[in-house]
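**Student:** Sharing target21.cif, mmCIF, N, CA and C atoms:
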data_protein
loop_
_atom_site.label_atom_id
_atom_site.label_comp_id
_atom_site.auth_asym_id
_atom_site.auth_seq_id
_atom_site.Cartn_x
_atom_site.Cartn_y
_atom_site.Cartn_z
N MET A 147 76.77 13.24 -39.02
CA MET A 147 76.22 13.00 -40.32
C MET A 147 75.04 12.03 -40.17
N TYR A 148 73.95 12.36 -40.80
CA TYR A 148 72.72 11.59 -40.71
C TYR A 148 72.78 10.33 -41.57
N THR A 149 72.38 9.18 -41.00
CA THR A 149 72.40 7.91 -41.74
C THR A 149 71.02 7.48 -42.22
N GLY A 150 70.00 7.64 -41.41
CA GLY A 150 68.64 7.33 -41.84
C GLY A 150 68.15 5.96 -41.44
N LEU A 151 67.08 5.55 -42.12
CA LEU A 151 66.46 4.26 -41.86
C LEU A 151 67.30 3.14 -42.44
N LYS A 152 67.30 1.99 -41.78
CA LYS A 152 67.95 0.81 -42.34
C LYS A 152 66.98 0.20 -43.32
N ILE A 153 67.35 0.22 -44.57
CA ILE A 153 66.47 -0.29 -45.62
C ILE A 153 66.96 -1.64 -46.11
N GLN A 154 68.26 -1.77 -46.30
CA GLN A 154 68.81 -2.99 -46.85
C GLN A 154 68.92 -4.06 -45.76
N ASN A 155 68.32 -5.19 -46.01
CA ASN A 155 68.41 -6.31 -45.09
C ASN A 155 69.66 -7.11 -45.38
N ASP A 156 70.18 -7.77 -44.36
CA ASP A 156 71.28 -8.68 -44.64
C ASP A 156 70.76 -10.12 -44.57
N PHE A 157 71.64 -11.04 -44.83
CA PHE A 157 71.27 -12.44 -44.96
C PHE A 157 70.55 -12.99 -43.73
N THR A 158 70.95 -12.54 -42.55
CA THR A 158 70.37 -13.12 -41.32
C THR A 158 68.99 -12.57 -40.99
N ASP A 159 68.55 -11.51 -41.64
CA ASP A 159 67.22 -10.95 -41.36
C ASP A 159 66.11 -11.95 -41.66
N CYS A 160 66.32 -12.78 -42.67
CA CYS A 160 65.28 -13.76 -43.02
C CYS A 160 65.08 -14.78 -41.90
N TYR A 161 66.12 -15.05 -41.12
CA TYR A 161 65.99 -15.96 -39.97
C TYR A 161 65.06 -15.40 -38.91
N GLN A 162 65.13 -14.09 -38.69
CA GLN A 162 64.24 -13.47 -37.71
C GLN A 162 62.79 -13.69 -38.10
N GLU A 163 62.50 -13.51 -39.37
CA GLU A 163 61.13 -13.68 -39.85
C GLU A 163 60.66 -15.13 -39.72
N LEU A 164 61.58 -16.08 -39.86
CA LEU A 164 61.22 -17.49 -39.70
C LEU A 164 60.97 -17.84 -38.23
N ILE A 165 61.71 -17.20 -37.33
CA ILE A 165 61.59 -17.48 -35.90
C ILE A 165 60.33 -16.87 -35.31
N LEU A 166 60.00 -15.67 -35.77
CA LEU A 166 58.89 -14.92 -35.17
C LEU A 166 57.56 -15.23 -35.84
N SER A 167 56.53 -15.23 -35.05
CA SER A 167 55.18 -15.41 -35.57
C SER A 167 54.69 -14.10 -36.19
N LYS A 168 53.95 -14.22 -37.25
CA LYS A 168 53.38 -13.02 -37.90
C LYS A 168 52.39 -12.31 -36.98
N ASP A 169 51.90 -13.03 -35.98
CA ASP A 169 50.93 -12.47 -35.03
C ASP A 169 51.59 -11.79 -33.83
N HIS A 170 52.91 -11.79 -33.77
CA HIS A 170 53.60 -11.15 -32.64
C HIS A 170 53.29 -9.66 -32.64
N GLU A 171 53.05 -9.13 -31.45
CA GLU A 171 52.64 -7.71 -31.33
C GLU A 171 53.65 -6.75 -31.93
N LEU A 172 54.95 -7.01 -31.77
CA LEU A 172 55.96 -6.09 -32.31
C LEU A 172 56.07 -6.19 -33.82
N ILE A 173 55.78 -7.34 -34.39
CA ILE A 173 55.79 -7.48 -35.85
C ILE A 173 54.64 -6.66 -36.43
N LYS A 174 53.47 -6.82 -35.86
CA LYS A 174 52.31 -6.05 -36.32
C LYS A 174 52.56 -4.55 -36.16
N LEU A 175 53.09 -4.18 -35.01
CA LEU A 175 53.33 -2.77 -34.71
C LEU A 175 54.34 -2.16 -35.67
N LYS A 176 55.41 -2.89 -35.94
CA LYS A 176 56.43 -2.37 -36.85
C LYS A 176 55.85 -2.08 -38.23
N ASN A 177 54.91 -2.90 -38.65
CA ASN A 177 54.32 -2.73 -39.98
C ASN A 177 53.35 -1.56 -40.08
N ILE A 178 52.78 -1.11 -38.96
CA ILE A 178 51.83 0.01 -39.06
C ILE A 178 52.44 1.36 -38.69
N ILE A 179 53.64 1.34 -38.11
CA ILE A 179 54.28 2.61 -37.75
C ILE A 179 54.71 3.36 -39.01
N GLU A 180 54.52 4.65 -39.00
CA GLU A 180 54.91 5.49 -40.14
C GLU A 180 56.39 5.89 -39.99
N TRP A 181 57.26 4.94 -40.32
CA TRP A 181 58.70 5.11 -40.11
C TRP A 181 59.27 6.29 -40.90
N LYS A 182 58.75 6.54 -42.10
CA LYS A 182 59.30 7.64 -42.91
C LYS A 182 59.00 9.01 -42.27
N LYS A 183 57.82 9.16 -41.70
CA LYS A 183 57.49 10.42 -41.01
C LYS A 183 58.35 10.59 -39.76
N ILE A 184 58.54 9.50 -39.04
CA ILE A 184 59.38 9.55 -37.84
C ILE A 184 60.83 9.85 -38.24
N ASP A 185 61.27 9.27 -39.35
CA ASP A 185 62.63 9.50 -39.84
C ASP A 185 62.86 10.96 -40.18
N LYS A 186 61.85 11.64 -40.71
CA LYS A 186 61.97 13.07 -41.02
C LYS A 186 62.21 13.89 -39.75
N ILE A 187 61.53 13.52 -38.68
CA ILE A 187 61.73 14.22 -37.41
C ILE A 187 63.15 13.98 -36.91
N TYR A 188 63.59 12.74 -36.98
CA TYR A 188 64.95 12.39 -36.54
C TYR A 188 65.99 13.12 -37.39
N LYS A 189 65.77 13.16 -38.70
CA LYS A 189 66.70 13.80 -39.62
C LYS A 189 66.82 15.30 -39.36
N SER A 190 65.73 15.92 -38.93
CA SER A 190 65.73 17.37 -38.70
C SER A 190 66.72 17.78 -37.61
N CYS A 191 67.16 16.86 -36.79
CA CYS A 191 68.11 17.17 -35.72
C CYS A 191 69.56 17.10 -36.19
N TYR A 192 69.77 16.67 -37.42
CA TYR A 192 71.12 16.51 -37.96
C TYR A 192 71.22 17.25 -39.29
N SER A 193 71.63 18.50 -39.22
CA SER A 193 71.69 19.31 -40.43
C SER A 193 73.01 19.14 -41.19
N SER A 194 74.04 18.69 -40.51
CA SER A 194 75.36 18.61 -41.11
C SER A 194 75.53 17.36 -41.95
N LYS A 195 76.32 17.47 -43.00
CA LYS A 195 76.65 16.32 -43.84
C LYS A 195 78.06 15.83 -43.53
N VAL A 196 78.67 16.39 -42.52
CA VAL A 196 80.02 15.97 -42.12
C VAL A 196 80.01 15.49 -40.68
N GLY A 197 81.09 14.86 -40.27
CA GLY A 197 81.19 14.39 -38.89
C GLY A 197 80.88 12.91 -38.79
N ASN A 198 80.79 12.44 -37.55
CA ASN A 198 80.47 11.04 -37.32
C ASN A 198 79.06 10.72 -37.79
N THR A 199 78.87 9.49 -38.22
CA THR A 199 77.55 9.09 -38.65
C THR A 199 76.64 8.88 -37.45
N THR A 200 75.36 9.08 -37.66
CA THR A 200 74.38 8.86 -36.60
C THR A 200 74.07 7.38 -36.52
N LYS A 201 73.42 6.99 -35.44
CA LYS A 201 72.88 5.63 -35.37
C LYS A 201 71.64 5.61 -36.25
N GLU A 202 71.36 4.48 -36.84
CA GLU A 202 70.22 4.38 -37.74
C GLU A 202 68.92 4.68 -36.99
N THR A 203 68.02 5.30 -37.69
CA THR A 203 66.73 5.71 -37.13
C THR A 203 66.01 4.54 -36.47
N ASN A 204 66.02 3.39 -37.12
CA ASN A 204 65.29 2.23 -36.61
C ASN A 204 65.74 1.84 -35.21
N ILE A 205 67.05 1.87 -34.95
CA ILE A 205 67.56 1.47 -33.64
C ILE A 205 67.15 2.49 -32.59
N VAL A 206 67.43 3.76 -32.85
CA VAL A 206 67.17 4.81 -31.86
C VAL A 206 65.68 4.94 -31.58
N ILE A 207 64.90 5.13 -32.61
CA ILE A 207 63.47 5.33 -32.42
C ILE A 207 62.81 4.04 -31.92
N GLY A 208 63.29 2.91 -32.43
CA GLY A 208 62.77 1.63 -31.95
C GLY A 208 62.94 1.48 -30.45
N LEU A 209 64.11 1.83 -29.93
CA LEU A 209 64.35 1.74 -28.48
C LEU A 209 63.51 2.75 -27.70
N ILE A 210 63.33 3.94 -28.25
CA ILE A 210 62.48 4.93 -27.59
C ILE A 210 61.04 4.41 -27.50
N LEU A 211 60.55 3.82 -28.58
CA LEU A 211 59.18 3.29 -28.58
C LEU A 211 59.05 2.07 -27.67
N LEU A 212 60.08 1.23 -27.63
CA LEU A 212 60.05 0.08 -26.72
C LEU A 212 60.04 0.54 -25.26
N LYS A 213 60.76 1.61 -24.98
CA LYS A 213 60.73 2.16 -23.61
C LYS A 213 59.32 2.64 -23.28
N HIS A 214 58.68 3.27 -24.23
CA HIS A 214 57.30 3.74 -24.06
C HIS A 214 56.36 2.56 -23.80
N LEU A 215 56.57 1.45 -24.49
CA LEU A 215 55.70 0.28 -24.36
C LEU A 215 55.95 -0.53 -23.10
N TYR A 216 57.22 -0.78 -22.81
CA TYR A 216 57.57 -1.73 -21.75
C TYR A 216 58.01 -1.10 -20.43
N ARG A 217 58.18 0.21 -20.41
CA ARG A 217 58.55 0.91 -19.18
C ARG A 217 59.81 0.32 -18.53
N LYS A 218 60.83 0.11 -19.34
CA LYS A 218 62.13 -0.40 -18.89
C LYS A 218 63.18 0.69 -19.07
N SER A 219 64.29 0.54 -18.38
CA SER A 219 65.39 1.49 -18.57
C SER A 219 66.04 1.21 -19.92
N TYR A 220 66.75 2.21 -20.45
CA TYR A 220 67.44 2.01 -21.72
C TYR A 220 68.52 0.94 -21.60
N ARG A 221 69.18 0.86 -20.45
CA ARG A 221 70.18 -0.20 -20.25
C ARG A 221 69.54 -1.57 -20.38
N ASP A 222 68.41 -1.76 -19.73
CA ASP A 222 67.71 -3.05 -19.82
C ASP A 222 67.27 -3.35 -21.25
N LEU A 223 66.73 -2.33 -21.92
CA LEU A 223 66.26 -2.53 -23.29
C LEU A 223 67.40 -2.89 -24.24
N ILE A 224 68.54 -2.25 -24.06
CA ILE A 224 69.69 -2.54 -24.93
C ILE A 224 70.19 -3.97 -24.68
N GLU A 225 70.21 -4.39 -23.43
CA GLU A 225 70.58 -5.78 -23.14
C GLU A 225 69.59 -6.75 -23.78
N ARG A 226 68.32 -6.47 -23.62
CA ARG A 226 67.29 -7.34 -24.20
C ARG A 226 67.33 -7.31 -25.72
N LEU A 227 67.74 -6.19 -26.30
CA LEU A 227 67.86 -6.08 -27.75
C LEU A 227 68.82 -7.14 -28.28
N HIS A 228 69.84 -7.46 -27.52
CA HIS A 228 70.83 -8.44 -27.94
C HIS A 228 70.39 -9.88 -27.70
N GLU A 229 69.28 -10.06 -26.99
CA GLU A 229 68.81 -11.40 -26.65
C GLU A 229 67.44 -11.73 -27.27
N ASN A 230 66.64 -10.73 -27.52
CA ASN A 230 65.25 -10.92 -27.90
C ASN A 230 65.09 -10.68 -29.41
N VAL A 231 64.73 -11.71 -30.13
CA VAL A 231 64.61 -11.63 -31.59
C VAL A 231 63.52 -10.64 -32.01
N ALA A 232 62.44 -10.56 -31.24
CA ALA A 232 61.36 -9.62 -31.57
C ALA A 232 61.86 -8.18 -31.44
N PHE A 233 62.66 -7.89 -30.40
CA PHE A 233 63.23 -6.55 -30.25
C PHE A 233 64.18 -6.25 -31.40
N MET A 234 65.00 -7.25 -31.76
CA MET A 234 65.93 -7.07 -32.88
C MET A 234 65.17 -6.71 -34.15
N HIS A 235 64.13 -7.48 -34.43
CA HIS A 235 63.35 -7.23 -35.65
C HIS A 235 62.70 -5.85 -35.61
N PHE A 236 62.13 -5.48 -34.47
CA PHE A 236 61.47 -4.18 -34.34
C PHE A 236 62.44 -3.03 -34.59
N CYS A 237 63.67 -3.18 -34.10
CA CYS A 237 64.68 -2.12 -34.24
C CYS A 237 65.56 -2.31 -35.48
N SER A 238 65.23 -3.27 -36.33
CA SER A 238 65.99 -3.57 -37.55
C SER A 238 67.46 -3.87 -37.27
N VAL A 239 67.68 -4.65 -36.24
CA VAL A 239 69.02 -5.10 -35.88
C VAL A 239 69.11 -6.58 -36.25
N SER A 240 70.13 -6.93 -37.02
CA SER A 240 70.28 -8.32 -37.45
C SER A 240 71.24 -9.06 -36.53
N PHE A 241 71.29 -10.37 -36.70
CA PHE A 241 72.24 -11.18 -35.96
C PHE A 241 73.67 -10.77 -36.32
N MET A 242 73.86 -10.37 -37.57
CA MET A 242 75.19 -9.91 -38.02
C MET A 242 75.59 -8.62 -37.32
N ASP A 243 74.64 -7.71 -37.11
CA ASP A 243 74.93 -6.47 -36.38
C ASP A 243 75.40 -6.78 -34.96
N ILE A 244 74.73 -7.74 -34.32
CA ILE A 244 75.08 -8.14 -32.96
C ILE A 244 76.49 -8.73 -32.94
N GLU A 245 76.77 -9.58 -33.89
CA GLU A 245 78.09 -10.22 -33.95
C GLU A 245 79.19 -9.20 -34.24
N LYS A 246 78.94 -8.25 -35.13
CA LYS A 246 79.92 -7.20 -35.43
C LYS A 246 80.24 -6.39 -34.18
N ALA A 247 79.20 -6.07 -33.39
CA ALA A 247 79.41 -5.30 -32.16
C ALA A 247 80.26 -6.09 -31.17
N ARG A 248 80.02 -7.40 -31.07
CA ARG A 248 80.82 -8.24 -30.16
C ARG A 248 82.28 -8.31 -30.62
N LEU A 249 82.49 -8.48 -31.92
CA LEU A 249 83.85 -8.55 -32.45
C LEU A 249 84.59 -7.23 -32.25
N LYS A 250 83.89 -6.14 -32.46
CA LYS A 250 84.48 -4.81 -32.25
C LYS A 250 84.90 -4.63 -30.80
N ALA A 251 84.07 -5.12 -29.87
CA ALA A 251 84.39 -5.03 -28.44
C ALA A 251 85.61 -5.87 -28.10
N LYS A 252 85.73 -7.05 -28.71
CA LYS A 252 86.89 -7.90 -28.47
C LYS A 252 88.17 -7.25 -28.97
N GLU A 253 88.09 -6.63 -30.16
CA GLU A 253 89.26 -5.93 -30.71
C GLU A 253 89.67 -4.77 -29.81
N LYS A 254 88.68 -4.03 -29.32
CA LYS A 254 88.97 -2.91 -28.43
C LYS A 254 89.60 -3.40 -27.13
N GLU A 255 89.11 -4.53 -26.63
CA GLU A 255 89.67 -5.10 -25.40
C GLU A 255 91.13 -5.49 -25.59
N LYS A 256 91.47 -6.03 -26.76
CA LYS A 256 92.86 -6.39 -27.06
C LYS A 256 93.76 -5.16 -27.08
N ARG A 257 93.23 -4.07 -27.68
CA ARG A 257 94.01 -2.83 -27.80
C ARG A 257 94.18 -2.13 -26.47
N THR A 258 93.08 -2.02 -25.72
CA THR A 258 93.09 -1.18 -24.52
C THR A 258 93.20 -1.96 -23.21
N GLY A 259 92.85 -3.23 -23.25
CA GLY A 259 92.84 -4.02 -22.03
C GLY A 259 91.58 -3.84 -21.20
N LYS A 260 90.67 -2.98 -21.66
CA LYS A 260 89.41 -2.73 -20.95
C LYS A 260 88.32 -3.60 -21.55
N LYS A 261 87.58 -4.27 -20.69
CA LYS A 261 86.50 -5.15 -21.13
C LYS A 261 85.22 -4.33 -21.32
N THR A 262 84.56 -4.53 -22.47
CA THR A 262 83.28 -3.87 -22.74
C THR A 262 82.26 -4.93 -23.16
N LYS A 263 81.00 -4.57 -23.11
CA LYS A 263 79.92 -5.52 -23.40
C LYS A 263 79.74 -5.77 -24.90
N GLY A 264 80.05 -4.82 -25.73
CA GLY A 264 79.90 -5.02 -27.17
C GLY A 264 78.48 -4.87 -27.66
N TYR A 265 77.82 -3.79 -27.25
CA TYR A 265 76.45 -3.55 -27.65
C TYR A 265 76.40 -2.80 -28.97
N VAL A 266 75.30 -2.96 -29.70
CA VAL A 266 75.09 -2.28 -30.97
C VAL A 266 75.02 -0.76 -30.75
N ILE A 267 74.43 -0.38 -29.64
CA ILE A 267 74.37 1.03 -29.24
C ILE A 267 74.56 1.07 -27.73
N HIS A 268 75.31 2.03 -27.27
CA HIS A 268 75.54 2.19 -25.84
C HIS A 268 74.47 3.12 -25.27
N TYR A 269 74.07 2.85 -24.05
CA TYR A 269 73.00 3.67 -23.46
C TYR A 269 73.37 5.14 -23.39
N SER A 270 74.65 5.47 -23.19
CA SER A 270 75.04 6.88 -23.11
C SER A 270 74.88 7.56 -24.48
N THR A 271 75.15 6.82 -25.55
CA THR A 271 74.94 7.35 -26.90
C THR A 271 73.46 7.62 -27.11
N LEU A 272 72.64 6.70 -26.66
CA LEU A 272 71.19 6.86 -26.81
C LEU A 272 70.71 8.09 -26.05
N TYR A 273 71.21 8.30 -24.84
CA TYR A 273 70.82 9.48 -24.07
C TYR A 273 71.23 10.78 -24.77
N ARG A 274 72.42 10.78 -25.37
CA ARG A 274 72.86 11.98 -26.10
C ARG A 274 71.97 12.25 -27.31
N ILE A 275 71.57 11.19 -28.00
CA ILE A 275 70.69 11.35 -29.16
C ILE A 275 69.33 11.88 -28.71
N ILE A 276 68.82 11.34 -27.62
CA ILE A 276 67.52 11.79 -27.10
C ILE A 276 67.58 13.25 -26.69
N LYS A 277 68.68 13.64 -26.07
CA LYS A 277 68.86 15.05 -25.70
C LYS A 277 68.88 15.93 -26.95
N ARG A 278 69.54 15.44 -27.99
CA ARG A 278 69.61 16.19 -29.25
C ARG A 278 68.23 16.29 -29.90
N LEU A 279 67.46 15.21 -29.83
CA LEU A 279 66.10 15.24 -30.39
C LEU A 279 65.25 16.30 -29.69
N GLY A 280 65.36 16.37 -28.39
CA GLY A 280 64.58 17.35 -27.64
C GLY A 280 63.19 16.85 -27.29
N ARG A 281 62.63 17.45 -26.28
CA ARG A 281 61.32 17.04 -25.76
C ARG A 281 60.22 17.17 -26.81
N ASP A 282 60.24 18.25 -27.59
CA ASP A 282 59.19 18.48 -28.59
C ASP A 282 59.18 17.40 -29.67
N ASN A 283 60.37 17.06 -30.17
CA ASN A 283 60.44 16.03 -31.21
C ASN A 283 60.06 14.65 -30.67
N ILE A 284 60.44 14.38 -29.44
CA ILE A 284 60.06 13.10 -28.81
C ILE A 284 58.53 13.04 -28.71
N LYS A 285 57.91 14.14 -28.34
CA LYS A 285 56.44 14.18 -28.24
C LYS A 285 55.80 13.95 -29.62
N LYS A 286 56.37 14.57 -30.67
CA LYS A 286 55.86 14.37 -32.03
C LYS A 286 55.94 12.90 -32.43
N ILE A 287 57.06 12.26 -32.10
CA ILE A 287 57.25 10.85 -32.43
C ILE A 287 56.24 9.99 -31.67
N GLU A 288 56.08 10.28 -30.39
CA GLU A 288 55.11 9.52 -29.58
C GLU A 288 53.69 9.72 -30.09
N GLN A 289 53.38 10.93 -30.57
CA GLN A 289 52.03 11.18 -31.12
C GLN A 289 51.81 10.37 -32.40
N LEU A 290 52.82 10.32 -33.26
CA LEU A 290 52.72 9.51 -34.47
C LEU A 290 52.56 8.03 -34.10
N PHE A 291 53.26 7.64 -33.07
CA PHE A 291 53.23 6.25 -32.62
C PHE A 291 51.86 5.88 -32.02
N THR A 292 51.35 6.72 -31.18
CA THR A 292 50.08 6.42 -30.50
C THR A 292 48.87 6.67 -31.38
N LYS A 293 49.04 7.48 -32.42
CA LYS A 293 47.94 7.79 -33.32
C LYS A 293 47.40 6.53 -33.99
N LYS A 294 48.28 5.63 -34.35
CA LYS A 294 47.88 4.38 -35.02
C LYS A 294 47.33 3.41 -34.00
#
Could I get this structure in the form of structure tokens?

**Tutor:**
Amino acid sequence: MYTGLKIQNDFTDCYQELILSKDHELIKLKNIIEWKKIDKIYKSCYSSKVGNTTKETNIVIGLILLKHLYRKSYRDLIERLHENVAFMHFCSVSFMDIEKARLKAKEKEKRTGKKTKGYVIHYSTLYRIIKRLGRDNIKKIEQLFTKK
């Protein structure tokens, strides 16, 4: 089931804006990207209204664009997403989202005994989403991104 863009901010989002400079490259970039057009491409891959919810467009597409910019692996980017406030802001991930993921991982560890990192998105999930998007849609997104 398609979830879409993260529109509603939570309380901790205002802290990101206080920490980051308005001149930061990712802040400027986030403001000029045509997120709604990119969201339409992402939405086209999810026709069903039933099933598990998708990851929000901002996280998935944000990480794809960060990979394009920084030439890092998705594993590295996801780790940095949890540490770098500019990456969080670019992907619309709040401090609360990070904390929820950590708490969920702790609960799972109690139930299963297996230790996990507690990331907002797992790299394997991201790879499955990218595979679902397909090469053509990724190219369309990159064209919208580089056009600006």

**Student:** What gap, in Å, lies between atom C of Leu272 in chain A and CA of Lys201 in chain A?

**Tutor:**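 These two atoms are separated by 9.9 Å.
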
**Student:** If I take CA of Lys293 in chain A and CA of Phe233 in chain A, how far is one from the other in Å, to one decimal?

**Tutor:**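 We find that CA of Lys293 in chain A and CA of Phe233 in chain A lie 21.2 Å from each other.
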
**Student:** Care to translate the PyMOL selection byres ((chain A and resi 204) around 7) into actual residues of this file, as a list in words?

**Tutor:** Gly150, Leu151, Lys152, Lys201, Glu202, Thr203, Ile205, Val206, Ile207, Gly208, Leu209, Phe236, Cys237, Ser238 and Val239 of chain A

**Student:** Could you tell me how far CA of Ile224 in chain A sits from CA of Leu249 in chain A, in Å to one decimal place?

**Tutor:**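 Distance between the two atoms: 17.1 Å.
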
**Student:** Compile the contact shell of range 217-223 of chain A as a list of chain:residue names: residues with an atom at most 8 Å away, counting only N, CA and C atoms, same-chain residues fewer than 3 positions apart removed.

**Tutor:**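 Surrounding residues, per the criterion: A:Leu209, A:Ile210, A:Leu211, A:Leu212, A:Lys213, A:His214, A:Arg226, A:Leu227, A:His228, A:Glu229, A:His268, A:Tyr269, A:Ser270, A:Leu272, A:Tyr273.
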
**Student:** Could you write out as a list in words the residues that the PyMOL selection byres ((chain A and resi 165-178) around 8) matches in the shown file?

**Tutor:** Cys160, Tyr161, Gln162, Glu163, Leu164, Ile179, Glu180, Trp181, Val231, Ala232, Phe233, His235, Phe236, Cys237, Phe291 and Lys294 of chain A

**Student:** I need the alpha helix (DSSP H) residues of chain A per DSSP on the backbone, written as a VMD selection string.

**Tutor:** chain A and resid 159 to 165 171 to 178 181 to 189 203 to 216 220 to 227 231 to 236 241 to 258 269 to 293

**Student:** Save all heavy atoms of range 253-260 of chain A from the block above as a PDB file, in the first residue's frame.

**Tutor:**
ATOM      1  N   GLU A 253      12.723  -3.814  21.290  1.00  0.00           N
ATOM      2  CA  GLU A 253      11.591  -4.710  21.546  1.00  0.00           C
ATOM      3  C   GLU A 253      11.763  -6.027  20.803  1.00  0.00           C
ATOM      4  O   GLU A 253      11.507  -7.097  21.351  1.00  0.00           O
ATOM      5  CB  GLU A 253      10.284  -4.043  21.124  1.00  0.00           C
ATOM      6  CG  GLU A 253       9.847  -2.914  22.028  1.00  0.00           C
ATOM      7  CD  GLU A 253       8.632  -2.178  21.495  1.00  0.00           C
ATOM      8  OE1 GLU A 253       7.974  -2.667  20.554  1.00  0.00           O
ATOM      9  OE2 GLU A 253       8.341  -1.089  22.024  1.00  0.00           O
ATOM     10  N   LYS A 254      12.209  -5.938  19.552  1.00  0.00           N
ATOM     11  CA  LYS A 254      12.423  -7.141  18.756  1.00  0.00           C
ATOM     12  C   LYS A 254      13.534  -7.994  19.367  1.00  0.00           C
ATOM     13  O   LYS A 254      13.439  -9.219  19.395  1.00  0.00           O
ATOM     14  CB  LYS A 254      12.780  -6.767  17.311  1.00  0.00           C
ATOM     15  CG  LYS A 254      12.868  -7.956  16.385  1.00  0.00           C
ATOM     16  CD  LYS A 254      13.109  -7.526  14.953  1.00  0.00           C
ATOM     17  CE  LYS A 254      13.176  -8.733  14.052  1.00  0.00           C
ATOM     18  NZ  LYS A 254      13.350  -8.356  12.644  1.00  0.00           N
ATOM     19  N   GLU A 255      14.571  -7.340  19.879  1.00  0.00           N
ATOM     20  CA  GLU A 255      15.670  -8.068  20.507  1.00  0.00           C
ATOM     21  C   GLU A 255      15.185  -8.822  21.746  1.00  0.00           C
ATOM     22  O   GLU A 255      15.581  -9.962  21.985  1.00  0.00           O
ATOM     23  CB  GLU A 255      16.783  -7.098  20.896  1.00  0.00           C
ATOM     24  CG  GLU A 255      18.009  -7.775  21.463  1.00  0.00           C
ATOM     25  CD  GLU A 255      19.102  -6.800  21.844  1.00  0.00           C
ATOM     26  OE1 GLU A 255      19.069  -5.635  21.397  1.00  0.00           O
ATOM     27  OE2 GLU A 255      19.993  -7.204  22.607  1.00  0.00           O
ATOM     28  N   LYS A 256      14.293  -8.205  22.521  1.00  0.00           N
ATOM     29  CA  LYS A 256      13.737  -8.867  23.702  1.00  0.00           C
ATOM     30  C   LYS A 256      12.927 -10.106  23.314  1.00  0.00           C
ATOM     31  O   LYS A 256      12.975 -11.125  23.975  1.00  0.00           O
ATOM     32  CB  LYS A 256      12.854  -7.905  24.498  1.00  0.00           C
ATOM     33  CG  LYS A 256      13.621  -6.899  25.298  1.00  0.00           C
ATOM     34  CD  LYS A 256      12.664  -5.987  26.053  1.00  0.00           C
ATOM     35  CE  LYS A 256      13.412  -4.886  26.770  1.00  0.00           C
ATOM     36  NZ  LYS A 256      12.490  -3.948  27.443  1.00  0.00           N
ATOM     37  N   ARG A 257      12.156  -9.967  22.222  1.00  0.00           N
ATOM     38  CA  ARG A 257      11.303 -11.076  21.771  1.00  0.00           C
ATOM     39  C   ARG A 257      12.103 -12.206  21.165  1.00  0.00           C
ATOM     40  O   ARG A 257      11.839 -13.374  21.437  1.00  0.00           O
ATOM     41  CB  ARG A 257      10.292 -10.577  20.733  1.00  0.00           C
ATOM     42  CG  ARG A 257       9.086  -9.893  21.267  1.00  0.00           C
ATOM     43  CD  ARG A 257       7.995  -9.714  20.204  1.00  0.00           C
ATOM     44  NE  ARG A 257       8.463  -9.478  18.859  1.00  0.00           N
ATOM     45  CZ  ARG A 257       8.693  -8.280  18.316  1.00  0.00           C
ATOM     46  NH1 ARG A 257       8.527  -7.199  19.032  1.00  0.00           N
ATOM     47  NH2 ARG A 257       9.096  -8.163  17.067  1.00  0.00           N
ATOM     48  N   THR A 258      13.052 -11.862  20.304  1.00  0.00           N
ATOM     49  CA  THR A 258      13.745 -12.883  19.514  1.00  0.00           C
ATOM     50  C   THR A 258      15.140 -13.230  20.026  1.00  0.00           C
ATOM     51  O   THR A 258      15.667 -14.287  19.690  1.00  0.00           O
ATOM     52  CB  THR A 258      13.886 -12.430  18.051  1.00  0.00           C
ATOM     53  OG1 THR A 258      14.711 -11.266  18.005  1.00  0.00           O
ATOM     54  CG2 THR A 258      12.535 -12.143  17.421  1.00  0.00           C
ATOM     55  N   GLY A 259      15.727 -12.331  20.784  1.00  0.00           N
ATOM     56  CA  GLY A 259      17.098 -12.547  21.235  1.00  0.00           C
ATOM     57  C   GLY A 259      18.145 -12.152  20.209  1.00  0.00           C
ATOM     58  O   GLY A 259      19.334 -12.233  20.462  1.00  0.00           O
ATOM     59  N   LYS A 260      17.701 -11.698  19.035  1.00  0.00           N
ATOM     60  CA  LYS A 260      18.619 -11.282  17.969  1.00  0.00           C
ATOM     61  C   LYS A 260      18.807  -9.776  18.032  1.00  0.00           C
ATOM     62  O   LYS A 260      17.841  -9.015  18.093  1.00  0.00           O
ATOM     63  CB  LYS A 260      18.082 -11.665  16.592  1.00  0.00           C
ATOM     64  CG  LYS A 260      18.015 -13.149  16.369  1.00  0.00           C
ATOM     65  CD  LYS A 260      17.478 -13.464  14.990  1.00  0.00           C
ATOM     66  CE  LYS A 260      17.365 -14.953  14.787  1.00  0.00           C
ATOM     67  NZ  LYS A 260      16.779 -15.278  13.486  1.00  0.00           N
TER      68      LYS A 260
END
